[in-house]
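S.K.: Can you read through this structure? Questions will come right after.
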Protein chains: 2
Amino acid sequence: MEEMENKKTILIVDDEKPIVDILVYNLEKEGYNTLEANDGLAAVDIALNKKPDLILLDIMLPKMDGLTVCKKIRNSLDVPILMLTAKDEEIDKILGLELGADDYITKPFSVRELMARIKANLRKSEVQETNTVNNEDVKTKKIVVGSLELDLDKFEARVDGQIIDLTLREFEVLKFLASQAGQVITREVLLEKVWGYEYYGDIRTVDVTVRRIRGKIEKDTANPKILITKRGVGYYIRNN
Amino acid sequence: MEEMENKKTILIVDDEKPIVDILVYNLEKEGYNTLEANDGLAAVDIALNKKPDLILLDIMLPKMDGLTVCKKIRNSLDVPILMLTAKDEEIDKILGLELGADDYITKPFSVRELMARIKANLRKSEVQETNTVNNEDVKTKKIVVGSLELDLDKFEARVDGQIIDLTLREFEVLKFLASQAGQVITREVLLEKVWGYEYYGDIRTVDVTVRRIRGKIEKDTANPKILITKRGVGYYIRNN
DNA sequence: AGTTTTTTTTACAAATTTATTACAAAAATG
DNA sequence: CATTTTTGTAATAAATTTGTAAAAAAAACT
């Protein structure tokens, strides 16, 4: 989803390359960092050294089986471990052996279900004592800079109270700029933060997007009062 | 905690063996005694005879569904009941129908989260000996957003007072959106909360359901005024 | 003033996302 | 168990967004 400094890292332990690939792809798409291990020994090694936030662990592994791996990791780390099993029967093994796996999922699994499980397990520490309906993070986040107002939940922008209809890309550019109002942001940074690291498009794309935003939020695009150009550097949102 | 005579006993009611196993394992590790029931009938039977300190109750059960089980047990026992549900919609059944469930947790849950909930509920029941049951404020059984009105009891929708006949699925989608009117909800979230996280189907199913709802509540489906698309993100109910 | 560099503006095409429809499968009804 | 209704899927159409390129304008520099 969003770019945050605290990206969670997930260690994937499986010897089947295609499965690892699918997992890596989907997890990164969801904004996680990933680590890979193809056998049990490597898994323990990486887990202890890199301390991932969650471990996806297949039971069937070369060199050291998943059950042992789980136990070893558990000896020194308190990380959620989600086991991947091929059959239901194997689950008994997981449980019988006092491994302390936190959860398991049987193959074949749907990517969506797996993602949901991962999220659930990452939520570990935040436990609400209250009986309240578990409304996921109730976030009514807003960014307000002068006459500009961004409602991050509604993906809605307002200028002087008037609703402005922005496309997603436009909204995100504006959001990024507004979140650091007053700071000049280079096109390079915008491309990286909004378009993504591996975007290889033209840097002038930023200009065009800015133009489009201006067309919507500025009274006179030739004399912008909100989204300002800092020639030779980049753009910024005026905050005074 | 040391071995005390007063080990708490927890009854686990679920027909999925692997889940029961993982629960038993973790609960016993935490120092609880466990009892198991695989279907609704057995659950009632065991509950009344063994009088456990807390009951973990899955909604989907053979022979007698979790809701009925809950009610039956409640008739004669004042034990904390923690329900397990796969979808959000089920929660309303739990809460709305006055079954007296004490808490619920949606799948997928992390084991840690569940453990924390169990502890919280056990603690509460201890304390509660003194102060009488908190009468949850009578739930609002209607959601009204602008011209849209949803009667959660009757599963009835009205637009400008006119009764609209919606199917169950349509009603639930609309309800979920309306309960957070103004908030853009992604298709992923809708699928998870309405269809259930285990649902395997295509994400575009959401679009079609939205289309059907619109066909019923909007004057002009091409220009929706109530159920709005936020392109690139999802859908929301307009609330202003 | 002329030249260069940078930014703005515009128009168009490509890519992406959503809406619509028809049909089949599944579930509910009687 | 036949019929009706609901629901999901897939294919196509429609709409919108986005990127690119190219020209115009503005600013900076000699």
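Numbering starts fresh at 1 for the residues of each chain in the structure tokens, the chains themselves are lettered A, B, ... in the order given, and ligands are numbered from 1 as they appear.
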Show me, as a PyMOL selection string, the residues that have an atom within 12 Å of A:Leu150 when counting only C-alpha atoms (C1' of nucleotides), minus same-chain residues fewer than 2 positions from it.

M.R.: chain A and resi 140-148+152-166+170-179+217

S.K.: Keeping only N, CA and C atoms, take the residues you just selected and write them out as an mmCIF file, in the first residue's frame.

M.R.:
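File out34.cif, as written:
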data_model
loop_
_atom_site.group_PDB
_atom_site.id
_atom_site.type_symbol
_atom_site.label_atom_id
_atom_site.label_comp_id
_atom_site.auth_asym_id
_atom_site.auth_seq_id
_atom_site.Cartn_x
_atom_site.Cartn_y
_atom_site.Cartn_z
ATOM 1 N N THR A 140 -8.944 8.555 10.719
ATOM 2 C CA THR A 140 -9.545 9.662 10.012
ATOM 3 C C THR A 140 -8.447 10.653 9.754
ATOM 4 N N LYS A 141 -7.561 10.258 8.893
ATOM 5 C CA LYS A 141 -6.399 11.083 8.662
ATOM 6 C C LYS A 141 -6.686 12.189 7.671
ATOM 7 N N LYS A 142 -6.161 13.302 8.011
ATOM 8 C CA LYS A 142 -6.314 14.449 7.142
ATOM 9 C C LYS A 142 -5.022 15.227 7.099
ATOM 10 N N ILE A 143 -4.792 15.825 5.957
ATOM 11 C CA ILE A 143 -3.665 16.732 5.862
ATOM 12 C C ILE A 143 -4.247 18.083 5.485
ATOM 13 N N VAL A 144 -3.940 19.073 6.284
ATOM 14 C CA VAL A 144 -4.455 20.409 5.985
ATOM 15 C C VAL A 144 -3.284 21.372 5.866
ATOM 16 N N VAL A 145 -3.206 22.041 4.758
ATOM 17 C CA VAL A 145 -2.177 23.052 4.557
ATOM 18 C C VAL A 145 -2.853 24.273 3.953
ATOM 19 N N GLY A 146 -2.995 25.270 4.748
ATOM 20 C CA GLY A 146 -3.662 26.480 4.250
ATOM 21 C C GLY A 146 -5.072 26.153 3.789
ATOM 22 N N SER A 147 -5.372 26.511 2.570
ATOM 23 C CA SER A 147 -6.720 26.290 2.062
ATOM 24 C C SER A 147 -6.890 24.887 1.490
ATOM 25 N N LEU A 148 -5.800 24.163 1.461
ATOM 26 C CA LEU A 148 -5.831 22.813 0.905
ATOM 27 C C LEU A 148 -6.064 21.784 1.999
ATOM 28 N N LEU A 152 -7.459 11.568 3.574
ATOM 29 C CA LEU A 152 -6.776 10.384 3.078
ATOM 30 C C LEU A 152 -7.663 9.160 3.026
ATOM 31 N N ASP A 153 -8.749 9.187 3.759
ATOM 32 C CA ASP A 153 -9.657 8.039 3.733
ATOM 33 C C ASP A 153 -10.587 8.097 2.546
ATOM 34 N N LYS A 154 -11.019 9.289 2.292
ATOM 35 C CA LYS A 154 -11.979 9.454 1.201
ATOM 36 C C LYS A 154 -11.310 9.710 -0.133
ATOM 37 N N PHE A 155 -10.011 9.875 -0.099
ATOM 38 C CA PHE A 155 -9.284 10.223 -1.316
ATOM 39 C C PHE A 155 -9.912 11.482 -1.900
ATOM 40 N N GLU A 156 -10.185 12.356 -0.992
ATOM 41 C CA GLU A 156 -10.908 13.551 -1.383
ATOM 42 C C GLU A 156 -10.060 14.772 -1.078
ATOM 43 N N ALA A 157 -10.062 15.707 -2.019
ATOM 44 C CA ALA A 157 -9.326 16.943 -1.794
ATOM 45 C C ALA A 157 -10.297 18.104 -1.771
ATOM 46 N N ARG A 158 -9.992 19.094 -0.970
ATOM 47 C CA ARG A 158 -10.802 20.295 -0.939
ATOM 48 C C ARG A 158 -9.903 21.517 -0.985
ATOM 49 N N VAL A 159 -10.380 22.525 -1.659
ATOM 50 C CA VAL A 159 -9.697 23.809 -1.656
ATOM 51 C C VAL A 159 -10.755 24.823 -1.271
ATOM 52 N N ASP A 160 -10.504 25.513 -0.183
ATOM 53 C CA ASP A 160 -11.498 26.448 0.355
ATOM 54 C C ASP A 160 -12.836 25.752 0.544
ATOM 55 N N GLY A 161 -12.754 24.524 0.988
ATOM 56 C CA GLY A 161 -13.984 23.797 1.271
ATOM 57 C C GLY A 161 -14.649 23.140 0.078
ATOM 58 N N GLN A 162 -14.215 23.529 -1.079
ATOM 59 C CA GLN A 162 -14.812 22.995 -2.302
ATOM 60 C C GLN A 162 -14.163 21.659 -2.682
ATOM 61 N N ILE A 163 -14.996 20.687 -2.936
ATOM 62 C CA ILE A 163 -14.446 19.382 -3.289
ATOM 63 C C ILE A 163 -13.822 19.406 -4.677
ATOM 64 N N ILE A 164 -12.630 18.861 -4.750
ATOM 65 C CA ILE A 164 -11.908 18.786 -6.010
ATOM 66 C C ILE A 164 -11.787 17.325 -6.396
ATOM 67 N N ASP A 165 -12.133 17.025 -7.596
ATOM 68 C CA ASP A 165 -12.063 15.648 -8.040
ATOM 69 C C ASP A 165 -10.704 15.350 -8.657
ATOM 70 N N LEU A 166 -9.920 14.571 -7.950
ATOM 71 C CA LEU A 166 -8.588 14.230 -8.439
ATOM 72 C C LEU A 166 -8.520 12.749 -8.780
ATOM 73 N N GLU A 170 -2.968 11.819 -9.215
ATOM 74 C CA GLU A 170 -2.929 13.221 -8.839
ATOM 75 C C GLU A 170 -3.019 13.366 -7.313
ATOM 76 N N PHE A 171 -3.918 12.611 -6.751
ATOM 77 C CA PHE A 171 -4.103 12.679 -5.303
ATOM 78 C C PHE A 171 -2.828 12.298 -4.580
ATOM 79 N N GLU A 172 -2.174 11.280 -5.080
ATOM 80 C CA GLU A 172 -0.989 10.815 -4.384
ATOM 81 C C GLU A 172 0.173 11.779 -4.505
ATOM 82 N N VAL A 173 0.282 12.398 -5.637
ATOM 83 C CA VAL A 173 1.333 13.401 -5.787
ATOM 84 C C VAL A 173 1.062 14.544 -4.812
ATOM 85 N N LEU A 174 -0.168 14.976 -4.801
ATOM 86 C CA LEU A 174 -0.533 16.086 -3.931
ATOM 87 C C LEU A 174 -0.339 15.704 -2.465
ATOM 88 N N LYS A 175 -0.710 14.513 -2.150
ATOM 89 C CA LYS A 175 -0.561 14.034 -0.789
ATOM 90 C C LYS A 175 0.900 14.019 -0.367
ATOM 91 N N PHE A 176 1.717 13.513 -1.263
ATOM 92 C CA PHE A 176 3.136 13.448 -0.919
ATOM 93 C C PHE A 176 3.707 14.832 -0.709
ATOM 94 N N LEU A 177 3.364 15.725 -1.593
ATOM 95 C CA LEU A 177 3.856 17.094 -1.456
ATOM 96 C C LEU A 177 3.311 17.741 -0.184
ATOM 97 N N ALA A 178 2.021 17.538 0.046
ATOM 98 C CA ALA A 178 1.386 18.185 1.194
ATOM 99 C C ALA A 178 1.894 17.630 2.515
ATOM 100 N N SER A 179 2.285 16.363 2.497
ATOM 101 C CA SER A 179 2.762 15.775 3.744
ATOM 102 C C SER A 179 4.093 16.392 4.154
ATOM 103 N N ILE A 217 -6.832 22.644 -8.939
ATOM 104 C CA ILE A 217 -6.832 23.321 -7.638
ATOM 105 C C ILE A 217 -6.476 24.800 -7.686
#

S.K.: At a cut-off of 8 Å, which residues of chain D touch chain B? Count only C-alpha atoms (C1' of nucleotides) and give the answer as a ChimeraX atom specification.

M.R.: /D:6,8-9

S.K.: Least-squares superposition of chain A on chain B, all Cα atoms, in-order pairing: what RMSD comes out, in Å?

M.R.: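 That comparison of chain B with chain A gives 16.0 Å.
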
S.K.: Please report as a Markdown table every residue of chain B lying within 7 Å of chain A, along with the nearest atom pair and their distance in Å (one decimal), using only C-alpha atoms.

M.R.:
| residue | atom | partner | partner_atom | distance |
| --- | --- | --- | --- | --- |
| B:Pro18 | CA | A:Ile91 | CA | 6.3 |
| B:Asp21 | CA | A:Leu95 | CA | 6.9 |
| B:Ile22 | CA | A:Leu95 | CA | 6.2 |
| B:Tyr25 | CA | A:Leu95 | CA | 6.2 |
| B:Asp103 | CA | A:Asn131 | CA | 6.3 |
| B:Pro108 | CA | A:Arg117 | CA | 5.6 |
| B:Phe109 | CA | A:Ala120 | CA | 5.5 |
| B:Ser110 | CA | A:Asn121 | CA | 4.7 |
| B:Val111 | CA | A:Asp102 | CA | 5.7 |
| B:Arg112 | CA | A:Lys124 | CA | 5.9 |
| B:Glu113 | CA | A:Lys124 | CA | 5.8 |
| B:Ala116 | CA | A:Val127 | CA | 6.8 |
| B:Ala120 | CA | A:Glu129 | CA | 6.2 |
| B:Gly182 | CA | A:Lys154 | CA | 6.3 |
| B:Gln183 | CA | A:Lys154 | CA | 5.1 |
| B:Val184 | CA | A:Lys154 | CA | 5.4 |
| B:Tyr197 | CA | A:Glu113 | CA | 6.0 |
| B:Glu198 | CA | A:Glu113 | CA | 5.8 |
| B:Tyr200 | CA | A:Ser110 | CA | 6.7 |
| B:Gly232 | CA | A:Leu168 | CA | 6.3 |

S.K.: What are the residues of chain C lining chain B at 8 Å or less? Count only C-alpha atoms (C1' of nucleotides), and put the answer as a PyMOL selection string.

M.R.: chain C and resi 17-19

S.K.: Residues near B:Ile226, anyone? I mean within 7 Å using only C-alpha atoms (C1' of nucleotides), not counting same-chain ones fewer than 4 positions away, as a list in words.

M.R.: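 Surrounding residues, per the criterion: Glu218, Ile237 and Arg238 of chain B.
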
S.K.: Save the residues we just selected, N, CA and C atoms, as a compact mmCIF listing (two decimals), in the first residue's frame?

M.R.:
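Saved as selection-v2.txt:
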# COMPACT_ATOMS: atom_id res chain seq x y z
N GLU B 218 -30.29 3.35 -7.88
CA GLU B 218 -29.97 4.60 -8.58
C GLU B 218 -30.99 4.88 -9.68
N ILE B 237 -20.21 5.07 -0.29
CA ILE B 237 -21.54 5.66 -0.25
C ILE B 237 -21.37 7.14 0.03
N ARG B 238 -21.98 7.91 -0.80
CA ARG B 238 -21.86 9.35 -0.65
C ARG B 238 -22.65 9.80 0.58

S.K.: Got a sec to tell me which of stretch 137-171 of chain B DSSP assigns to alpha helix (DSSP H), as JSON, numbers by chain?

M.R.: {"B": [168, 169, 170, 171]}

S.K.: Using C-alpha atoms, can you write the selected residues to a file as a compact mmCIF listing (two decimals), in the first residue's frame?

M.R.:
# COMPACT_ATOMS: atom_id res chain seq x y z
CA LEU B 168 -29.01 -10.82 0.67
CA ARG B 169 -25.65 -10.33 -0.93
CA GLU B 170 -26.61 -6.99 -2.29
CA PHE B 171 -27.93 -5.91 1.07

S.K.: One number please: atom CA of B:Gly66 to atom CA of B:Ile46, in Å, one decimal.

M.R.: 14.2 Å

S.K.: Grab the atom CA of B:Asn38 to atom CA of B:Met60 distance for me, in Å with one decimal place.

M.R.: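 That distance, rounded to one decimal, is 10.7 Å.
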
S.K.: Please indicate the distance in Å from atom C1' of C:DA25 to atom C1' of D:DT3, rounded to one decimal place.

M.R.: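 Computed distance, atom C1' of C:DA25 to atom C1' of D:DT3, equals 15.1 Å.
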
S.K.: Tell me which protein, DNA and RNA residues are within 9 Å of A:Asp53, counting only C-alpha atoms (C1' of nucleotides), leaving out same-chain ones fewer than 4 positions away, and put them as a compact mmCIF listing (two decimals) with C-alpha atoms, in the first residue's frame.

M.R.:
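Wrote around.txt, looks like this:
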# COMPACT_ATOMS: atom_id res chain seq x y z
CA LYS A 8 7.78 -5.49 7.47
CA THR A 9 10.15 -8.20 6.41
CA ILE A 10 8.96 -11.70 5.73
CA LEU A 11 11.19 -14.71 5.43
CA VAL A 79 8.67 -14.14 15.70
CA PRO A 80 5.33 -15.30 14.31
CA LEU A 122 1.54 -9.48 12.21

S.K.: I want to know what sits within 12 Å of C:DA22, based on only C-alpha atoms (C1' of nucleotides), with residues of the same chain fewer than 6 positions away left out; could you give that as a PyMOL selection string?

M.R.: chain D and resi 9-12

S.K.: Please run DSSP on the backbone and report, as a ChimeraX atom specification, all residues within stretch 108-214 of chain B that come out as strand (DSSP E).

M.R.: /B:142-145,148-151,156-159,162-164,185-186

S.K.: Generate a file of the selected residues that holds N, CA and C atoms, formatted as a JSON list (two decimals), in the first residue's frame.

M.R.:
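File result.json, as written:
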[["chain", "number", "residue", "atom", "x", "y", "z"],
["B", 142, "LYS", "N", -30.80, 0.48, 12.40],
["B", 142, "LYS", "CA", -30.98, 1.16, 11.12],
["B", 142, "LYS", "C", -29.72, 1.93, 10.77],
["B", 143, "ILE", "N", -29.47, 1.97, 9.50],
["B", 143, "ILE", "CA", -28.40, 2.84, 9.02],
["B", 143, "ILE", "C", -29.05, 3.80, 8.05],
["B", 144, "VAL", "N", -28.86, 5.07, 8.30],
["B", 144, "VAL", "CA", -29.44, 6.06, 7.40],
["B", 144, "VAL", "C", -28.33, 6.95, 6.88],
["B", 145, "VAL", "N", -28.22, 7.03, 5.59],
["B", 145, "VAL", "CA", -27.25, 7.91, 4.98],
["B", 145, "VAL", "C", -27.96, 8.65, 3.85],
["B", 148, "LEU", "N", -30.74, 7.16, 1.64],
["B", 148, "LEU", "CA", -30.66, 5.71, 1.78],
["B", 148, "LEU", "C", -30.91, 5.29, 3.22],
["B", 149, "GLU", "N", -31.69, 4.27, 3.34],
["B", 149, "GLU", "CA", -32.08, 3.81, 4.67],
["B", 149, "GLU", "C", -32.03, 2.29, 4.69],
["B", 150, "LEU", "N", -31.31, 1.74, 5.64],
["B", 150, "LEU", "CA", -31.23, 0.29, 5.72],
["B", 150, "LEU", "C", -31.77, -0.18, 7.05],
["B", 151, "ASP", "N", -32.73, -1.04, 6.99],
["B", 151, "ASP", "CA", -33.27, -1.63, 8.21],
["B", 151, "ASP", "C", -32.62, -3.00, 8.38],
["B", 156, "GLU", "N", -34.21, -4.72, 4.87],
["B", 156, "GLU", "CA", -35.00, -3.93, 3.96],
["B", 156, "GLU", "C", -34.27, -2.63, 3.67],
["B", 157, "ALA", "N", -34.29, -2.25, 2.41],
["B", 157, "ALA", "CA", -33.66, -0.99, 2.06],
["B", 157, "ALA", "C", -34.70, -0.03, 1.51],
["B", 158, "ARG", "N", -34.49, 1.23, 1.78],
["B", 158, "ARG", "CA", -35.37, 2.25, 1.23],
["B", 158, "ARG", "C", -34.55, 3.36, 0.63],
["B", 159, "VAL", "N", -35.04, 3.88, -0.46],
["B", 159, "VAL", "CA", -34.44, 5.07, -1.04],
["B", 159, "VAL", "C", -35.57, 6.07, -1.19],
["B", 162, "GLN", "N", -38.95, 4.78, -0.47],
["B", 162, "GLN", "CA", -39.46, 3.70, -1.31],
["B", 162, "GLN", "C", -38.72, 2.39, -1.01],
["B", 163, "ILE", "N", -39.48, 1.35, -0.81],
["B", 163, "ILE", "CA", -38.84, 0.08, -0.50],
["B", 163, "ILE", "C", -38.14, -0.50, -1.72],
["B", 164, "ILE", "N", -36.90, -0.91, -1.51],
["B", 164, "ILE", "CA", -36.11, -1.51, -2.57],
["B", 164, "ILE", "C", -35.88, -2.95, -2.22],
["B", 185, "ILE", "N", -14.00, 2.09, 0.11],
["B", 185, "ILE", "CA", -13.68, 0.72, 0.49],
["B", 185, "ILE", "C", -13.17, -0.03, -0.74],
["B", 186, "THR", "N", -12.06, -0.70, -0.58],
["B", 186, "THR", "CA", -11.50, -1.43, -1.72],
["B", 186, "THR", "C", -12.27, -2.72, -1.96]]
